[in-house]
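Participant: File name run-v1.cif; file contents mmCIF, C-alpha atoms; full text below.
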```
data_entry
#
loop_
_atom_site.label_atom_id
_atom_site.label_comp_id
_atom_site.auth_asym_id
_atom_site.auth_seq_id
_atom_site.Cartn_x
_atom_site.Cartn_y
_atom_site.Cartn_z
CA MET A 20 -28.63 -48.74 17.19
CA PRO A 21 -25.34 -47.51 15.82
CA GLU A 22 -22.31 -49.19 17.27
CA GLN A 23 -20.80 -47.22 20.13
CA LYS A 24 -17.12 -46.31 19.88
CA LYS A 25 -14.95 -47.84 22.55
CA PHE A 26 -12.13 -45.88 24.14
CA ASN A 27 -9.47 -48.10 25.65
CA LEU A 28 -6.71 -45.87 27.00
CA ASN A 29 -3.48 -47.59 27.92
CA LEU A 30 -0.77 -46.13 30.15
CA LYS A 31 0.99 -44.54 27.17
CA ASP A 32 -2.22 -42.81 26.10
CA LEU A 33 -2.85 -41.53 29.62
CA THR A 34 0.69 -40.22 29.83
CA THR A 35 0.25 -38.38 26.53
CA VAL A 36 -3.03 -36.82 27.69
CA PHE A 37 -1.44 -35.78 30.97
CA LEU A 38 1.52 -34.16 29.22
CA LEU A 39 -0.70 -32.29 26.76
CA THR A 40 -2.87 -31.02 29.60
CA LEU A 41 0.21 -29.90 31.50
CA ILE A 42 1.62 -28.08 28.48
CA LEU A 43 -1.66 -26.28 27.86
CA SER A 44 -1.91 -25.33 31.52
CA LEU A 45 1.64 -24.00 31.60
CA SER A 46 0.98 -22.05 28.39
CA ALA A 47 -2.13 -20.50 29.92
CA CYS A 48 -0.20 -19.63 33.06
CA LYS A 49 2.52 -18.07 30.95
CA ASP A 50 0.03 -15.86 29.13
CA ALA A 51 -1.59 -14.91 32.41
CA GLY A 52 1.84 -14.23 33.85
CA ASN A 53 2.59 -11.80 31.03
CA THR A 54 -0.35 -9.68 32.15
CA GLN A 55 0.30 -10.11 35.86
CA SER A 56 3.94 -9.18 35.41
CA LEU A 57 2.88 -5.80 34.03
CA GLU A 58 0.81 -4.81 37.06
CA PHE A 59 3.63 -2.45 38.06
CA LEU A 60 2.65 -0.22 35.12
CA LYS A 61 -0.59 0.83 36.80
CA ASP A 62 -0.40 4.25 38.47
CA ASN A 63 3.31 4.32 37.69
CA LYS A 64 4.65 7.74 38.68
CA ALA A 65 7.78 7.50 36.55
CA ILE A 66 5.72 6.92 33.41
CA ASP A 67 3.27 9.65 34.44
CA ALA A 68 6.19 12.06 34.76
CA SER A 69 7.40 11.33 31.21
CA ILE A 70 4.02 12.46 29.91
CA ASP A 71 3.46 15.35 32.31
CA SER A 72 6.87 16.87 31.60
CA LEU A 73 6.15 17.30 27.89
CA VAL A 74 2.96 19.16 28.64
CA ASN A 75 4.43 21.17 31.52
CA GLN A 76 7.26 22.30 29.24
CA LYS A 77 4.63 23.42 26.72
CA SER A 78 6.20 21.19 24.07
CA VAL A 79 2.92 19.31 23.61
CA PRO A 80 -0.57 20.71 24.26
CA PHE A 81 -2.15 17.54 25.65
CA LEU A 82 -1.47 13.81 25.77
CA TYR A 83 -3.51 10.71 26.47
CA ALA A 84 -1.66 7.41 26.96
CA ARG A 85 -3.05 3.91 27.32
CA ILE A 86 -1.73 0.35 27.52
CA GLU A 87 -3.98 -2.68 27.13
CA GLY A 88 -3.28 -6.39 27.49
CA ILE A 89 -4.22 -8.83 24.77
CA ASN A 90 -7.68 -9.34 26.28
CA GLY A 91 -8.39 -5.62 26.66
CA GLU A 92 -7.44 -5.25 30.32
CA VAL A 93 -6.21 -1.73 31.09
CA LEU A 94 -2.61 -1.92 32.28
CA TYR A 95 -1.89 1.81 32.22
CA GLU A 96 -3.79 5.03 31.56
CA HIS A 97 -2.83 8.68 32.02
CA SER A 98 -3.64 12.07 30.55
CA ALA A 99 -2.08 15.52 30.77
CA ILE A 100 -3.46 18.85 29.52
CA ASN A 101 -2.05 22.36 29.32
CA THR A 102 -5.07 23.93 31.00
CA ASN A 103 -3.85 27.46 30.33
CA LEU A 104 -4.24 26.85 26.62
CA TYR A 105 -7.11 24.36 26.79
CA PRO A 106 -9.19 24.99 29.92
CA ASP A 107 -12.25 23.12 28.62
CA LEU A 108 -10.59 20.05 27.12
CA THR A 109 -11.19 16.62 28.62
CA LEU A 110 -9.27 13.51 27.59
CA ASP A 111 -10.25 9.90 28.09
CA LYS A 112 -10.46 6.63 26.19
CA ASN A 113 -13.47 7.91 24.21
CA THR A 114 -11.97 11.21 23.02
CA TRP A 115 -11.85 11.38 19.22
CA PHE A 116 -8.59 12.05 17.38
CA ARG A 117 -7.56 12.51 13.77
CA VAL A 118 -5.24 9.53 13.30
CA TRP A 119 -3.87 10.29 9.82
CA SER A 120 -1.44 7.53 8.74
CA MET A 121 -2.74 5.16 11.38
CA SER A 122 -5.54 4.78 8.82
CA LYS A 123 -3.13 2.93 6.53
CA ILE A 124 -2.90 -0.37 8.39
CA VAL A 125 -6.71 -0.44 8.61
CA THR A 126 -6.98 -0.07 4.83
CA ILE A 127 -4.25 -2.67 4.36
CA SER A 128 -6.20 -5.07 6.57
CA VAL A 129 -9.26 -4.57 4.36
CA ALA A 130 -7.16 -5.16 1.24
CA MET A 131 -5.58 -8.32 2.67
CA ASP A 132 -9.04 -9.59 3.58
CA LEU A 133 -10.01 -9.09 -0.06
CA VAL A 134 -6.88 -11.02 -1.06
CA GLU A 135 -7.90 -13.88 1.22
CA ASP A 136 -11.35 -13.83 -0.37
CA GLY A 137 -9.84 -14.08 -3.85
CA LEU A 138 -11.07 -10.67 -4.98
CA LEU A 139 -7.53 -9.27 -5.23
CA ASN A 140 -4.07 -10.67 -5.84
CA LEU A 141 -0.87 -8.99 -4.73
CA ASP A 142 0.54 -9.09 -8.27
CA ASP A 143 -2.58 -7.65 -9.90
CA PRO A 144 -1.84 -4.56 -12.05
CA VAL A 145 -3.40 -1.47 -10.50
CA ILE A 146 -4.70 -0.36 -13.91
CA ASN A 147 -7.03 -3.39 -13.83
CA TYR A 148 -9.04 -1.39 -11.29
CA ILE A 149 -7.94 2.19 -12.04
CA PRO A 150 -7.49 2.33 -15.84
CA GLU A 151 -7.10 6.11 -15.59
CA PHE A 152 -3.52 5.43 -14.44
CA GLU A 153 -2.52 3.68 -17.67
CA SER A 154 -0.72 6.77 -19.03
CA LEU A 155 1.03 7.86 -15.84
CA GLN A 156 4.45 9.43 -16.28
CA VAL A 157 7.51 9.41 -14.05
CA ALA A 158 9.53 12.49 -13.08
CA VAL A 159 13.31 12.22 -13.48
CA THR A 160 16.11 14.75 -13.58
CA ASN A 161 17.20 16.13 -16.92
CA ASP A 162 20.06 13.64 -17.01
CA GLY A 163 17.68 10.77 -16.20
CA GLN A 164 18.40 10.28 -12.46
CA ASN A 165 15.81 9.11 -9.95
CA VAL A 166 14.58 12.24 -8.19
CA ASN A 167 14.99 10.53 -4.82
CA ASP A 168 18.75 10.23 -5.40
CA ILE A 169 19.35 13.99 -5.49
CA PRO A 170 20.53 15.55 -2.18
CA TRP A 171 17.74 17.37 -0.36
CA GLY A 172 19.26 20.85 -0.65
CA GLU A 173 19.92 20.53 -4.38
CA ARG A 174 16.46 19.47 -5.48
CA ASN A 175 14.86 22.80 -6.32
CA SER A 176 17.69 23.64 -8.71
CA ALA A 177 16.79 20.50 -10.66
CA CYS A 178 13.38 21.92 -11.61
CA PRO A 179 11.84 21.71 -14.14
CA LEU A 180 12.03 17.92 -14.23
CA LYS A 181 11.80 15.67 -17.25
CA LEU A 182 8.82 13.31 -17.60
CA VAL A 183 9.21 9.81 -19.00
CA PRO A 184 6.60 7.08 -19.57
CA MET A 185 5.77 4.59 -16.81
CA THR A 186 7.43 1.45 -18.16
CA GLU A 187 6.96 -0.93 -15.20
CA VAL A 188 3.69 -2.57 -14.18
CA MET A 189 2.33 -1.05 -10.97
CA THR A 190 0.93 -3.82 -8.73
CA ILE A 191 -1.16 -4.05 -5.58
CA GLU A 192 1.97 -5.05 -3.65
CA HIS A 193 3.74 -1.88 -4.81
CA LEU A 194 0.93 0.09 -3.15
CA LEU A 195 1.32 -1.93 0.06
CA ASN A 196 5.07 -1.27 0.08
CA HIS A 197 5.02 2.43 -0.91
CA GLU A 198 6.90 1.47 -4.06
CA ALA A 199 4.29 2.61 -6.59
CA GLY A 200 5.78 6.11 -6.96
CA PHE A 201 3.01 8.25 -5.46
CA TYR A 202 4.16 11.02 -3.16
CA TYR A 203 3.14 13.63 -0.59
CA PRO A 204 4.09 17.29 -1.22
CA TRP A 205 7.28 17.00 0.87
CA THR A 206 9.74 16.19 -1.91
CA ASN A 207 11.51 19.59 -1.77
CA TYR A 208 11.03 19.87 -5.52
CA SER A 209 8.81 22.93 -5.87
CA CYS A 210 7.77 21.78 -9.33
CA LEU A 211 6.37 18.55 -7.82
CA ASP A 212 5.07 19.78 -4.48
CA SER A 213 3.17 22.67 -6.01
CA LEU A 214 1.02 20.29 -8.03
CA GLN A 215 -0.52 18.78 -4.90
CA LEU A 216 -0.45 22.01 -2.91
CA LYS A 217 -2.55 23.76 -5.54
CA SER A 218 -4.90 20.88 -6.33
CA ASN A 219 -6.27 20.21 -2.83
CA ILE A 220 -7.02 16.66 -4.00
CA PHE A 221 -7.69 15.46 -0.45
CA GLN A 222 -10.89 17.46 -0.43
CA ALA A 223 -11.98 16.31 -3.86
CA LYS A 224 -15.70 15.94 -4.49
CA ASN A 225 -15.43 12.16 -4.75
CA THR A 226 -13.05 9.31 -5.53
CA ASP A 227 -13.41 9.63 -9.30
CA VAL A 228 -12.40 13.29 -9.18
CA MET A 229 -9.41 12.43 -7.01
CA VAL A 230 -8.33 9.75 -9.50
CA GLN A 231 -8.64 12.16 -12.40
CA VAL A 232 -6.36 14.67 -10.68
CA LEU A 233 -3.84 12.02 -9.54
CA SER A 234 -3.64 10.67 -13.09
CA LYS A 235 -2.17 14.02 -14.17
CA PHE A 236 0.59 14.00 -11.52
CA PRO A 237 3.90 12.29 -12.32
CA LEU A 238 5.23 9.50 -10.14
CA VAL A 239 8.58 9.99 -8.37
CA ASN A 240 9.92 6.58 -9.38
CA GLN A 241 9.08 3.68 -11.64
CA PRO A 242 6.85 1.16 -9.82
CA GLY A 243 9.03 -1.23 -7.85
CA GLU A 244 12.14 0.94 -8.25
CA ALA A 245 12.26 2.54 -4.81
CA TYR A 246 10.47 3.09 -1.51
CA HIS A 247 8.83 6.51 -1.28
CA TYR A 248 6.26 7.29 1.39
CA GLY A 249 3.18 8.78 -0.21
CA VAL A 250 -0.50 8.38 -1.03
CA ASN A 251 -0.06 4.76 -2.08
CA THR A 252 -2.43 3.48 0.63
CA THR A 253 -5.11 5.96 -0.37
CA VAL A 254 -4.86 4.56 -3.90
CA LEU A 255 -5.10 1.07 -2.37
CA GLY A 256 -8.37 2.13 -0.74
CA ILE A 257 -9.67 3.23 -4.14
CA VAL A 258 -8.77 -0.19 -5.56
CA ALA A 259 -10.73 -1.83 -2.74
CA GLU A 260 -13.74 0.36 -3.52
CA ARG A 261 -13.67 -0.42 -7.22
CA VAL A 262 -13.22 -4.18 -6.91
CA THR A 263 -16.14 -4.45 -4.46
CA GLY A 264 -18.39 -1.62 -5.62
CA LYS A 265 -18.60 -0.44 -2.01
CA SER A 266 -17.18 2.61 -0.25
CA LEU A 267 -14.13 2.21 1.94
CA LYS A 268 -16.25 3.37 4.86
CA THR A 269 -18.67 0.49 4.22
CA LEU A 270 -15.83 -2.02 3.79
CA VAL A 271 -14.30 -1.03 7.14
CA GLU A 272 -17.68 -1.35 8.83
CA GLU A 273 -18.63 -4.67 7.21
CA ARG A 274 -15.26 -6.37 7.47
CA ILE A 275 -13.68 -4.92 10.61
CA THR A 276 -15.60 -2.80 13.09
CA ARG A 277 -19.04 -4.41 13.03
CA PRO A 278 -18.11 -8.12 13.18
CA MET A 279 -15.36 -7.50 15.75
CA ASN A 280 -17.56 -5.13 17.78
CA ILE A 281 -15.08 -2.25 17.59
CA GLU A 282 -16.45 1.15 18.49
CA GLY A 283 -14.36 4.24 18.00
CA LEU A 284 -12.82 3.65 14.55
CA GLN A 285 -14.53 5.29 11.58
CA TYR A 286 -14.57 7.94 8.84
CA LYS A 287 -17.50 10.17 9.74
CA LEU A 288 -18.41 11.97 12.94
CA ALA A 289 -21.77 13.13 14.18
CA GLU A 290 -22.28 16.88 13.94
CA THR A 291 -22.25 17.17 17.72
CA THR A 292 -18.92 15.32 18.11
CA LEU A 293 -15.96 17.55 18.85
CA LEU A 294 -12.35 16.86 17.91
CA PRO A 295 -9.50 18.25 20.04
CA PRO A 296 -8.21 21.71 19.05
CA ARG A 297 -5.73 22.03 16.21
CA THR A 298 -2.38 23.16 17.51
CA LEU A 299 0.97 24.11 16.01
CA GLY A 300 4.29 23.25 17.65
CA GLY A 301 7.60 25.05 17.64
CA ASP A 302 10.34 26.21 19.99
CA SER A 303 8.78 24.58 23.07
CA LEU A 304 5.58 26.57 22.59
CA THR A 305 2.27 25.40 21.21
CA LYS A 306 -0.52 27.59 19.91
CA LEU A 307 -3.89 27.24 18.29
CA THR A 308 -3.77 27.23 14.51
CA ALA A 309 -6.27 27.58 11.70
CA ASN A 310 -7.41 24.56 9.74
CA ASN A 311 -5.65 25.67 6.54
CA LYS A 312 -2.27 26.03 8.25
CA ASN A 313 -1.80 22.28 7.91
CA ARG A 314 0.26 21.76 4.77
CA VAL A 315 0.76 18.02 4.97
CA LEU A 316 -1.87 17.31 2.32
CA GLY A 317 -1.58 20.55 0.42
CA GLY A 318 -4.44 22.32 2.16
CA SER A 319 -7.09 21.68 4.75
CA LEU A 320 -7.71 18.63 6.92
CA PRO A 321 -9.57 15.60 5.61
CA LEU A 322 -13.34 15.95 5.80
CA TYR A 323 -15.15 14.09 8.57
CA ASP A 324 -18.69 15.48 8.27
CA GLN A 325 -21.74 13.45 7.35
CA SER A 326 -21.90 14.82 3.78
CA ASN A 327 -18.38 13.64 2.93
CA ILE A 328 -18.09 10.71 0.50
CA LEU A 329 -14.30 10.80 -0.07
CA TYR A 330 -12.63 8.25 2.21
CA LEU A 331 -8.85 8.59 2.36
CA GLY A 332 -7.48 5.14 3.09
CA GLY A 333 -4.09 6.54 4.04
CA GLU A 334 -5.06 9.60 6.05
CA GLY A 335 -8.77 10.07 6.67
CA MET A 336 -9.89 8.09 9.72
CA VAL A 337 -10.82 9.28 13.18
CA ALA A 338 -10.55 7.07 16.24
CA THR A 339 -10.79 6.95 19.97
CA THR A 340 -7.86 5.48 21.86
CA ASP A 341 -10.11 2.68 23.06
CA GLY A 342 -11.31 1.92 19.53
CA TYR A 343 -7.84 1.90 17.99
CA ALA A 344 -6.53 -0.23 20.85
CA ASP A 345 -9.14 -2.84 19.91
CA PHE A 346 -7.91 -2.84 16.31
CA ALA A 347 -4.28 -3.13 17.47
CA ARG A 348 -5.25 -6.07 19.68
CA MET A 349 -6.64 -7.80 16.58
CA LEU A 350 -3.16 -7.58 15.04
CA LEU A 351 -1.59 -8.76 18.31
CA ASN A 352 -3.99 -11.69 18.43
CA LYS A 353 -2.92 -12.72 14.91
CA GLY A 354 -6.04 -11.61 13.08
CA GLU A 355 -8.80 -12.35 15.58
CA LEU A 356 -10.79 -10.26 18.05
CA ASN A 357 -13.93 -10.87 20.09
CA GLY A 358 -14.45 -14.31 18.57
CA TYR A 359 -14.25 -13.09 14.94
CA ARG A 360 -11.34 -13.87 12.65
CA LEU A 361 -10.59 -11.11 10.15
CA LEU A 362 -7.26 -12.33 8.78
CA ASP A 363 -5.42 -15.64 8.78
CA GLU A 364 -2.35 -15.91 10.96
CA GLU A 365 -0.22 -16.33 7.83
CA THR A 366 -1.52 -12.98 6.55
CA ILE A 367 -0.58 -11.21 9.78
CA GLU A 368 2.88 -12.74 9.51
CA LEU A 369 3.15 -11.45 5.95
CA ILE A 370 2.10 -7.93 7.00
CA ALA A 371 4.83 -7.91 9.66
CA SER A 372 7.52 -9.57 7.51
CA PRO A 373 10.50 -7.61 6.09
CA HIS A 374 9.60 -5.94 2.78
CA THR A 375 11.43 -2.60 2.53
CA GLN A 376 14.17 -0.59 4.31
CA LEU A 377 15.95 -3.79 5.18
CA ASP A 378 19.28 -2.08 5.97
CA ASN A 379 17.79 0.54 8.30
CA PRO A 380 19.27 0.35 11.84
CA TRP A 381 15.92 1.49 13.27
CA GLY A 382 14.13 -1.57 11.90
CA TYR A 383 12.34 -2.57 8.71
CA ASN A 384 9.00 -2.01 7.05
CA GLY A 385 6.39 -4.69 6.61
CA TYR A 386 3.23 -3.71 4.75
CA ASN A 387 3.32 -0.21 6.28
CA LEU A 388 3.81 -1.79 9.71
CA TRP A 389 7.21 -0.79 11.07
CA VAL A 390 9.10 -3.45 13.04
CA THR A 391 11.70 -1.88 15.31
CA GLY A 392 15.39 -2.74 15.47
CA ASP A 393 17.81 -2.90 18.39
CA THR A 394 18.68 0.80 18.07
CA LEU A 395 15.71 1.56 20.34
CA ARG A 396 17.19 -0.53 23.13
CA ALA A 397 20.56 1.21 22.77
CA LEU A 398 18.80 4.56 23.19
CA GLU A 399 16.56 3.21 25.96
CA ILE A 400 13.37 4.19 24.15
CA GLY A 401 12.14 0.66 23.42
CA GLU A 402 13.51 -2.52 21.95
CA GLY A 403 13.67 -4.58 18.79
CA GLY A 404 10.71 -6.51 17.41
CA LEU A 405 7.92 -4.04 18.28
CA TRP A 406 5.23 -3.41 15.66
CA VAL A 407 4.65 0.33 15.44
CA GLY A 408 2.75 2.95 13.48
CA GLY A 409 1.84 6.59 13.82
CA GLY A 410 0.03 9.58 12.40
CA TYR A 411 0.97 13.11 11.41
CA GLU A 412 -0.39 14.89 14.50
CA GLY A 413 1.40 12.67 17.00
CA THR A 414 -0.99 9.73 17.29
CA TYR A 415 1.02 6.54 17.80
CA PHE A 416 0.64 2.86 18.62
CA TRP A 417 2.96 -0.06 19.24
CA ILE A 418 2.39 -3.77 19.69
CA ASP A 419 4.60 -5.90 21.94
CA THR A 420 4.13 -9.44 20.67
CA LYS A 421 6.52 -10.82 23.30
CA ARG A 422 4.66 -9.50 26.35
CA LYS A 423 1.22 -9.44 24.71
CA PHE A 424 0.16 -5.81 25.07
CA VAL A 425 -0.53 -2.72 22.95
CA GLY A 426 0.46 0.84 23.81
CA LEU A 427 -0.98 4.10 22.45
CA ILE A 428 -0.28 7.78 22.93
CA MET A 429 -2.50 10.41 21.36
CA THR A 430 -2.23 14.15 20.77
CA GLN A 431 -3.01 16.63 17.99
CA LEU A 432 0.01 18.77 17.10
CA PHE A 433 1.44 19.90 13.75
CA ASP A 434 5.20 20.28 13.31
CA MET A 435 6.32 18.62 16.54
CA ARG A 436 9.79 19.48 17.85
CA VAL A 437 9.67 16.61 20.33
CA THR A 438 8.59 12.97 19.98
CA PRO A 439 6.05 12.08 22.68
CA SER A 440 5.96 8.44 21.60
CA ASP A 441 9.69 8.02 22.31
CA ALA A 442 9.37 9.59 25.76
CA PHE A 443 6.37 7.47 26.73
CA ARG A 444 7.60 4.20 25.24
CA GLY A 445 11.06 4.72 26.73
CA ALA A 446 9.63 5.27 30.21
CA VAL A 447 7.49 2.13 29.87
CA TYR A 448 10.39 -0.10 28.84
CA ARG A 449 12.77 1.23 31.46
CA GLU A 450 10.21 0.12 34.03
CA ILE A 451 9.77 -3.23 32.28
CA TRP A 452 13.51 -3.93 32.14
CA GLU A 453 13.93 -2.99 35.79
CA HIS A 454 11.28 -5.49 36.83
CA GLU A 455 12.43 -8.23 34.46
CA ASP A 456 16.12 -8.10 35.46
#
```
Would you kindly transcribe this structure into structure tokens?

Facilitator:
Amino acid sequence: MPEQKKFNLNLKDLTTVFLLTLILSLSACKDAGNTQSLEFLKDNKAIDASIDSLVNQKSVPFLYARIEGINGEVLYEHSAINTNLYPDLTLDKNTWFRVWSMSKIVTISVAMDLVEDGLLNLDDPVINYIPEFESLQVAVTNDGQNVNDIPWGERNSACPLKLVPMTEVMTIEHLLNHEAGFYYPWTNYSCLDSLQLKSNIFQAKNTDVMVQVLSKFPLVNQPGEAYHYGVNTTVLGIVAERVTGKSLKTLVEERITRPMNIEGLQYKLAETTLLPPRTLGGDSLTKLTANNKNRVLGGSLPLYDQSNILYLGGEGMVATTDGYADFARMLLNKGELNGYRLLDEETIELIASPHTQLDNPWGYNGYNLWVTGDTLRALEIGEGGLWVGGGYEGTYFWIDTKRKFVGLIMTQLFDMRVTPSDAFRGAVYREIWEHED
């Protein structure tokens, strides 16, 4: 028989075991206390009023808000609907929404998983995977200035712009940081914006067609030269597709939603699934609007039907509040959810680390994950250190790593004149501060 191991614990050993057990117990109590201390959020009339007032004033057509603890417990839930405009609309945790730029952090999570697997490196040249971009040009003013340096009101007079060769190597990290030079048609240079507005690239037949069109557009800065919010994350999704030979839809399913048992986060909808109505804001009045009135992508909305094979990594996902809350809880839990680890803790720290906009009083940007600054506390609409993200039609999430919860507020409204996320988040934190003082 193999020799049995003998365990002779002396007083010092027992003391060490006792102290470790005590520390673990206190830590568990602390985590439990974080959730218990937020019980005052449930059925909170002050927070309800912050949501109801926006809808009652007809500034927002409908809102659904939800707060979940790190383990998925519902700490707060409320909805409000302008029933005069939308008599048949119902809102709950399973209502589908177009989440637009909230797609970006999902795509970034896929890309970082590929980095962990050794299939990508942050300093890889993008042309290794998209050689069609090898001859990209960069738009500059006629005297050679960066187009981003020209005052907003003077930009149209600078057209036509001069094109110069791309001289810097565009890397994967430039895509993560919005420093690659790709843009949305919001530059206020008609000679740039019109290219995307006329092309309707976001309804291209497939990824290859989209790449072909993008390869003919100039960049707005040399790679690594400046931060400019644009279609960088959509290009990152194309890189992920080409390095794996799989669609972005499949990568999200295989690497995120299926192993972590997340329902309510995807690219395609069943034909019978309805999205909330499209609405247009303005002057405290909302109204229904046609699909093609959305100009954010130069045309119609992304395609969500079953025949679509173009998956926009920066704009194209749909989600339920419940489904996106699950994904946000994965980030809160440092890369793990439902017993499955997607990303290492070090990777989550890297995503949330300062990368761009370091001098911004509102916070800084990680890999397209905004980390708030103390300005929010001064304005009583939140506090520093929150991880936040949002989408074009007013979808929004934040992650409170200190108190271990995620918050979401969802609507569908173009051209908002108010910020529902500020009103909701501010009401939540005013209640939190009152109870913590």

Participant: For the file shown, report as a list in words the outcome of the PyMOL selection byres ((chain A and resi 93) around 10) at residue level.

Facilitator: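 That selection, the PyMOL selection byres ((chain A and resi 93) around 10), comes back as Thr54, Glu58, Leu60, Lys61, Arg85, Ile86, Glu87, Gly88, Ile89, Asn90, Gly91, Glu92, Leu94, Tyr95, Glu96, Asp341, Phe424 and Val425 of chain A.
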
Participant: Of the candidates A:Gly335, A:Gly445, A:Gly382, A:Gly358, which one gets nearest to Met121 of chain A if we count all atoms listed in the file?

Facilitator: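 Closest residue, counting all atoms listed in the file: A:Gly335.
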
Participant: Evaluate the PyMOL selection byres ((chain A and resi 198) around 6) on the structure here and hand back the selected residues as a PDB file with C-alpha atoms, keeping the file's coordinate frame.

Facilitator:
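Generated output (result.pdb):
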```
ATOM      1  CA  HIS A 193       3.740  -1.880  -4.810  1.00  0.00           C
ATOM      2  CA  ASN A 196       5.070  -1.270   0.080  1.00  0.00           C
ATOM      3  CA  HIS A 197       5.020   2.430  -0.910  1.00  0.00           C
ATOM      4  CA  ALA A 199       4.290   2.610  -6.590  1.00  0.00           C
ATOM      5  CA  GLY A 200       5.780   6.110  -6.960  1.00  0.00           C
ATOM      6  CA  PRO A 242       6.850   1.160  -9.820  1.00  0.00           C
ATOM      7  CA  GLY A 243       9.030  -1.230  -7.850  1.00  0.00           C
ATOM      8  CA  ALA A 245      12.260   2.540  -4.810  1.00  0.00           C
ATOM      9  CA  TYR A 246      10.470   3.090  -1.510  1.00  0.00           C
TER      10      TYR A 246
END
```

Participant: List as a list of chain:residue names the protein and nucleic acid residues near Arg274 of chain A, meaning an atom at most 9 Å away when all atoms listed in the file are counted, but skip any in the same chain fewer than 6 places from it.

Facilitator: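 My list of contacting residues is A:Val129, A:Asp132, A:Leu361.
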
Participant: Using the chain letters and numbers from the file, give me the residues hit by the PyMOL selection byres ((chain A and resi 429) around 6), as a ChimeraX atom specification.

Facilitator: /A:82-83,414,428,430

Participant: Work out how far atom CA of Arg261 of chain A is from atom CA of Gln325 of chain A, in Å to one decimal.

Facilitator: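 We find that atom CA of Gln325 of chain A and atom CA of Arg261 of chain A lie 21.7 Å from each other.
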
Participant: Could you list, as a PDB file with C-alpha atoms, keeping the file's coordinate frame, every residue within 9 Å of segment 250-252 of chain A, counting all atoms listed in the file and ignoring same-chain residues fewer than 4 positions away?

Facilitator:
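In the end it all went to part-v9.pdb:
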```
ATOM      1  CA  SER A 122      -5.540   4.780   8.820  1.00  0.00           C
ATOM      2  CA  LYS A 123      -3.130   2.930   6.530  1.00  0.00           C
ATOM      3  CA  ILE A 124      -2.900  -0.370   8.390  1.00  0.00           C
ATOM      4  CA  THR A 126      -6.980  -0.070   4.830  1.00  0.00           C
ATOM      5  CA  ILE A 127      -4.250  -2.670   4.360  1.00  0.00           C
ATOM      6  CA  HIS A 193       3.740  -1.880  -4.810  1.00  0.00           C
ATOM      7  CA  LEU A 194       0.930   0.090  -3.150  1.00  0.00           C
ATOM      8  CA  LEU A 195       1.320  -1.930   0.060  1.00  0.00           C
ATOM      9  CA  ASN A 196       5.070  -1.270   0.080  1.00  0.00           C
ATOM     10  CA  HIS A 197       5.020   2.430  -0.910  1.00  0.00           C
ATOM     11  CA  GLU A 198       6.900   1.470  -4.060  1.00  0.00           C
ATOM     12  CA  ALA A 199       4.290   2.610  -6.590  1.00  0.00           C
ATOM     13  CA  GLY A 200       5.780   6.110  -6.960  1.00  0.00           C
ATOM     14  CA  PHE A 201       3.010   8.250  -5.460  1.00  0.00           C
ATOM     15  CA  TYR A 202       4.160  11.020  -3.160  1.00  0.00           C
ATOM     16  CA  TYR A 203       3.140  13.630  -0.590  1.00  0.00           C
ATOM     17  CA  GLY A 256      -8.370   2.130  -0.740  1.00  0.00           C
ATOM     18  CA  ILE A 257      -9.670   3.230  -4.140  1.00  0.00           C
ATOM     19  CA  LEU A 331      -8.850   8.590   2.360  1.00  0.00           C
ATOM     20  CA  GLY A 332      -7.480   5.140   3.090  1.00  0.00           C
ATOM     21  CA  GLY A 333      -4.090   6.540   4.040  1.00  0.00           C
ATOM     22  CA  GLU A 334      -5.060   9.600   6.050  1.00  0.00           C
ATOM     23  CA  ASN A 387       3.320  -0.210   6.280  1.00  0.00           C
TER      24      ASN A 387
END
```

Participant: May I ask for the distance between atom CA of Glu173 of chain A and atom CA of Phe236 of chain A, given in Å to one decimal place?

Facilitator: 21.6 Å

Participant: In Å to one decimal, how far is atom CA of Leu320 of chain A from atom CA of Asp71 of chain A?

Facilitator: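 Taking atom CA of Asp71 of chain A as the start and atom CA of Leu320 of chain A as the end point, the length is 27.9 Å.
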
Participant: For Glu450 of chain A, find every residue with an atom within 12 Å (counting only C-alpha atoms), except residues of its own chain fewer than 3 positions away, and show them as a list in words.

Facilitator: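 The neighbour list is Ser56, Leu57, Glu58, Phe59, Leu60, Lys61, Asn63, Lys64, Ala65, Ile66, Asp67, Ser69, Glu399, Ile400, Gly401, Phe443, Arg444, Gly445, Ala446, Val447, Glu453, His454, Glu455 and Asp456 of chain A.
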
Participant: Taking all listed atoms of segment 220-223 of chain A, build the axis-aligned box, pad each of the six sides by 3 Å, then write its centre and edge lengths in Å to one decimal as AutoDock Vina command-line options.

Facilitator:
```
--center_x -9.5 --center_y 16.5 --center_z -2.2 --size_x 11.0 --size_y 8.0 --size_z 9.6
```

Participant: Near Leu356 of chain A, within 10 Å and counting only C-alpha atoms, which residues show up once chain neighbours fewer than 6 positions away are dropped, as a list in words?

Facilitator: Ile89, Asn90, Ile275, Pro278, Met279, Asn280, Ile281, Asp345, Phe346, Ala347, Arg348, Met349 and Leu350 of chain A

Participant: Tell me which protein, DNA and RNA residues are within 7 Å of Ser372 of chain A, counting all atoms listed in the file, leaving out same-chain ones fewer than 3 positions away, and put them as a PDB file with C-alpha atoms, keeping the file's coordinate frame.

Facilitator:
```
ATOM      1  CA  GLU A 368       2.880 -12.740   9.510  1.00  0.00           C
ATOM      2  CA  LEU A 369       3.150 -11.450   5.950  1.00  0.00           C
ATOM      3  CA  GLY A 385       6.390  -4.690   6.610  1.00  0.00           C
TER       4      GLY A 385
END
```
